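Scroll down for the structure; my scribbles are underneath it.
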Amino acid sequence: MLKSEILSTIEGAGFIAMLRIPSADDTLEMSEVLIEAGVPCIQIPLTVPGATEVIAELRERYASRALIGAGTVLNAKAADACIAAGAQFIVSPVVDSATISQCNEAGTTVVASALTPTEALTAWNSGADMVRIYPCGALGGPAYVKFLLAPLPQVRLLAAGGVSMQNAADFIAAGAVALEVDSDLADLDALRGGRKDDIVTNVHLYLDVVVEALSLAAGETP
């Protein structure tokens with residue numbers, strides 16, 4: 001897929017499920033539950049044991065059903081390994097120009113993380129396709145996103161850290177093009193407790209909230 005298609009899919013979905021789970025097997029099982037429930041974008045952080053193998057397996061299983069990306073990518077070498085495994089987008093928790101350049105050379109969508117206006121603009125001007133603002137919740141949540149976008153309306157912002165079902169719509173109304181959702185969506189206790197139906201129900205609730213919020217942000221009737 002082209003970068004434009006990847007970005008369109010992420011923004012159309014409105015959120016990425018980030019699976020910071022301490023087990024490869026649990027990560028694969030959680031991914032299966034989320035994708036089967038309708039989640040279109042999955043991010044596998046490199047803190048997951050065997051993360052690149054997990055990415056490769058998910059790409060093989062779900063190539064036509066979901067985007068599979070890599071997170072917590074700290075340098076260009078790690079980005080290369082993730083791209084080789086099949087990652088369709090790369091998320092870095094920092095602004096690393098070498099990582100951004102490497103992804104751009106490979107034609108892979110890259111999201112760099114920032115917190116301050118200076119960091120956000122640096123990431124954008126360095127070639128990031130989207131800027132992940134983390135941790136949003138620590139600095140006012142949706143209000144902080146709105147403040148950042150006032151002088152930086154050209155920057156595509158992904159809100160992360162402190163996103164919940166209760167404030168998801170507010171983040172989108174503030175101008176975030178998409179959200180990163182972690183344990184609020186990928187409930188490991190529910191998975192290990194055999195309560196997959198609870199996870200599926202939560203996914204459907206998130207989908208409803210985000211679809212309605214995106215429609216309202218676009219001035220459409222949901």
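Chains: A, B, ... in order of the structure tokens. Residues: from 1 per chain. Ligands: from 1, in order shown.
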Compile a residue-level contact table for region 51-154 of chain A against region 12-34 of chain A at a cut-off of 12 Å, reporting for every qualifying residue the shortest atom pair and its distance in Å to one decimal, with only C-alpha atoms counted, rows ordered by chain and ascending number, as a tab-separated table.
```
residue	atom	partner	partner_atom	distance
A:Ala51	CA	A:Ala24	CA	7.2
A:Thr52	CA	A:Ala24	CA	10.1
A:Glu53	CA	A:Ala24	CA	8.8
A:Val54	CA	A:Ala24	CA	6.7
A:Ile55	CA	A:Leu28	CA	9.0
A:Ala56	CA	A:Leu28	CA	10.9
A:Glu57	CA	A:Leu28	CA	8.4
A:Leu58	CA	A:Leu28	CA	7.4
A:Arg59	CA	A:Ser31	CA	11.1
A:Arg61	CA	A:Glu32	CA	9.2
A:Tyr62	CA	A:Glu32	CA	8.8
A:Arg65	CA	A:Glu32	CA	10.8
A:Ala66	CA	A:Ser31	CA	9.9
A:Leu67	CA	A:Ile16	CA	9.2
A:Ile68	CA	A:Ile16	CA	9.6
A:Gly69	CA	A:Met18	CA	9.2
A:Ala70	CA	A:Met18	CA	9.1
A:Gly71	CA	A:Met18	CA	8.0
A:Thr72	CA	A:Arg20	CA	9.7
A:Phe89	CA	A:Ile16	CA	11.0
A:Val91	CA	A:Met18	CA	10.3
A:Val111	CA	A:Ile16	CA	12.0
A:Arg132	CA	A:Ile16	CA	11.4
```
Counting only C-alpha atoms, which residues of region 52-146 of chain A sit at most 6 Å from some atom of region 155-170 of chain A, and what is each one's closest atom pair with its distance in Å to one decimal, listed by chain and rising residue number, as CSV?
```
residue,atom,partner,partner_atom,distance
A:Met130,CA,A:Arg156,CA,5.0
A:Val131,CA,A:Leu157,CA,5.0
A:Arg132,CA,A:Leu158,CA,4.5
A:Ile133,CA,A:Ala159,CA,5.2
A:Tyr134,CA,A:Ala160,CA,5.1
A:Pro135,CA,A:Gly161,CA,4.3
A:Cys136,CA,A:Gly161,CA,5.4
A:Gly137,CA,A:Gly162,CA,4.3
A:Pro142,CA,A:Asp170,CA,5.9
```
Exercise for the section: DSSP on the backbone, then: every residue of chain A marked alpha helix (DSSP H), written as a ChimeraX atom specification. Expected result: /A:3-13,24-37,51-62,76-85,97-106,117-125,142-149,168-174,188-192,196-217
With C-alpha atoms retained, could you export that selection as a CSV table (one decimal), in the first residue's frame?
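File produced: result_36.csv:
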```csv
chain,number,residue,atom,x,y,z
A,3,LYS,CA,1.8,6.0,2.2
A,4,SER,CA,-1.3,7.9,1.3
A,5,GLU,CA,-3.4,4.7,1.6
A,6,ILE,CA,-1.9,3.9,5.0
A,7,LEU,CA,-2.6,7.3,6.3
A,8,SER,CA,-6.1,7.3,4.9
A,9,THR,CA,-6.8,4.0,6.6
A,10,ILE,CA,-5.5,5.2,9.9
A,11,GLU,CA,-7.4,8.4,9.8
A,12,GLY,CA,-10.5,6.7,8.5
A,13,ALA,CA,-10.4,4.2,11.4
A,24,ALA,CA,4.2,-13.0,22.2
A,25,ASP,CA,1.4,-15.6,22.5
A,26,ASP,CA,-0.9,-13.2,24.3
A,27,THR,CA,-0.1,-10.5,21.8
A,28,LEU,CA,-1.1,-12.8,18.9
A,29,GLU,CA,-4.3,-13.9,20.6
A,30,MET,CA,-5.2,-10.3,21.5
A,31,SER,CA,-4.6,-9.2,17.9
A,32,GLU,CA,-6.8,-12.0,16.6
A,33,VAL,CA,-9.6,-11.0,18.9
A,34,LEU,CA,-9.3,-7.3,18.1
A,35,ILE,CA,-9.1,-7.8,14.3
A,36,GLU,CA,-12.0,-10.2,14.3
A,37,ALA,CA,-14.0,-7.6,16.2
A,51,ALA,CA,8.0,-8.5,18.2
A,52,THR,CA,9.3,-8.7,14.6
A,53,GLU,CA,8.2,-12.4,14.4
A,54,VAL,CA,4.8,-11.4,15.8
A,55,ILE,CA,4.5,-8.6,13.1
A,56,ALA,CA,5.5,-11.1,10.4
A,57,GLU,CA,2.9,-13.6,11.5
A,58,LEU,CA,0.1,-11.1,11.8
A,59,ARG,CA,0.9,-9.7,8.3
A,60,GLU,CA,0.7,-13.3,6.9
A,61,ARG,CA,-2.6,-14.0,8.7
A,62,TYR,CA,-4.4,-10.6,8.3
A,76,ALA,CA,17.0,3.3,11.9
A,77,LYS,CA,18.3,-0.2,12.4
A,78,ALA,CA,15.2,-1.2,14.4
A,79,ALA,CA,13.0,0.4,11.7
A,80,ASP,CA,14.7,-1.7,9.0
A,81,ALA,CA,14.1,-4.9,10.9
A,82,CYS,CA,10.4,-4.0,11.4
A,83,ILE,CA,10.0,-3.0,7.7
A,84,ALA,CA,11.6,-6.3,6.7
A,85,ALA,CA,9.1,-8.2,8.9
A,97,SER,CA,15.8,12.1,12.2
A,98,ALA,CA,17.7,9.0,11.1
A,99,THR,CA,14.7,6.8,11.8
A,100,ILE,CA,12.4,9.2,9.9
A,101,SER,CA,14.7,9.4,7.0
A,102,GLN,CA,15.1,5.6,6.8
A,103,CYS,CA,11.4,5.1,6.8
A,104,ASN,CA,10.9,7.7,4.1
A,105,GLU,CA,13.6,6.1,1.9
A,106,ALA,CA,11.8,2.8,2.3
A,117,PRO,CA,5.3,22.6,20.1
A,118,THR,CA,9.0,22.7,19.2
A,119,GLU,CA,9.3,18.9,19.2
A,120,ALA,CA,6.1,18.6,17.2
A,121,LEU,CA,7.2,21.0,14.5
A,122,THR,CA,10.7,19.4,14.5
A,123,ALA,CA,9.2,16.0,13.9
A,124,TRP,CA,6.9,17.3,11.1
A,125,ASN,CA,9.7,19.2,9.4
A,142,PRO,CA,-7.9,17.2,24.5
A,143,ALA,CA,-7.4,20.8,25.5
A,144,TYR,CA,-3.6,20.4,25.0
A,145,VAL,CA,-4.2,19.0,21.5
A,146,LYS,CA,-6.3,22.0,20.7
A,147,PHE,CA,-3.7,24.4,22.0
A,148,LEU,CA,-0.9,22.7,20.0
A,149,LEU,CA,-2.9,22.8,16.8
A,168,ALA,CA,-12.0,9.7,22.8
A,169,ALA,CA,-14.6,11.9,21.1
A,170,ASP,CA,-13.2,15.0,22.8
A,171,PHE,CA,-9.7,14.3,21.4
A,172,ILE,CA,-11.1,14.0,17.9
A,173,ALA,CA,-13.2,17.2,18.4
A,174,ALA,CA,-10.0,19.0,19.5
A,188,LEU,CA,-5.2,-8.5,29.1
A,189,ASP,CA,-7.0,-9.6,32.2
A,190,ALA,CA,-10.2,-10.2,30.2
A,191,LEU,CA,-8.1,-12.2,27.6
A,192,ARG,CA,-6.5,-14.4,30.2
A,196,LYS,CA,-13.1,-12.4,25.0
A,197,ASP,CA,-16.7,-11.3,24.6
A,198,ASP,CA,-16.0,-8.4,26.9
A,199,ILE,CA,-13.1,-7.3,24.6
A,200,VAL,CA,-15.3,-7.5,21.5
A,201,THR,CA,-18.1,-5.5,23.2
A,202,ASN,CA,-15.5,-2.8,24.1
A,203,VAL,CA,-14.2,-2.7,20.6
A,204,HIS,CA,-17.7,-2.2,19.2
A,205,LEU,CA,-18.3,0.6,21.7
A,206,TYR,CA,-15.0,2.3,20.7
A,207,LEU,CA,-15.9,2.0,17.0
A,208,ASP,CA,-19.3,3.6,17.6
A,209,VAL,CA,-17.8,6.5,19.6
A,210,VAL,CA,-15.0,7.1,17.1
A,211,VAL,CA,-17.1,6.9,14.0
A,212,GLU,CA,-19.6,9.3,15.4
A,213,ALA,CA,-16.8,11.7,16.5
A,214,LEU,CA,-15.1,11.6,13.1
A,215,SER,CA,-18.5,12.3,11.4
A,216,LEU,CA,-19.1,15.3,13.6
A,217,ALA,CA,-15.6,16.6,13.1
```
Practice task
Please report, as a ChimeraX atom specification, each residue of region 151-202 of chain A to which DSSP assigns strand (DSSP E) when run on this structure's backbone.
Solution key: /A:157-159,178-181
Writer output for current selection, C-alpha atoms, as a PDB file, in the first residue's frame:
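File selection.pdb, as written:
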```
ATOM      1  CA  LEU A 157      -1.583  14.780  15.388  1.00  0.00           C
ATOM      2  CA  LEU A 158      -2.070  11.306  16.866  1.00  0.00           C
ATOM      3  CA  ALA A 159      -3.188  11.558  20.497  1.00  0.00           C
ATOM      4  CA  ALA A 178      -6.459   9.569  15.190  1.00  0.00           C
ATOM      5  CA  LEU A 179      -5.965   8.072  18.640  1.00  0.00           C
ATOM      6  CA  GLU A 180      -3.653   5.462  20.107  1.00  0.00           C
ATOM      7  CA  VAL A 181      -5.542   3.213  22.528  1.00  0.00           C
TER       8      VAL A 181
END
```
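Take CA of Thr108 (chain A) and CA of Val39 (chain A): the distance between them is 20.8 Å.
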Problem - Nearest to Val73 (chain A) by atom-to-atom distance, counting only C-alpha atoms, from A:Asp182, A:Asp187, A:Asp129, A:Asp96 - result: A:Asp96
Exercise for the section: Considering only C-alpha atoms, state which residue in the set A:Thr47, A:Thr116, A:Ser64, A:Ser183 is at the smallest distance from Met1 (chain A). Expected result: A:Ser64
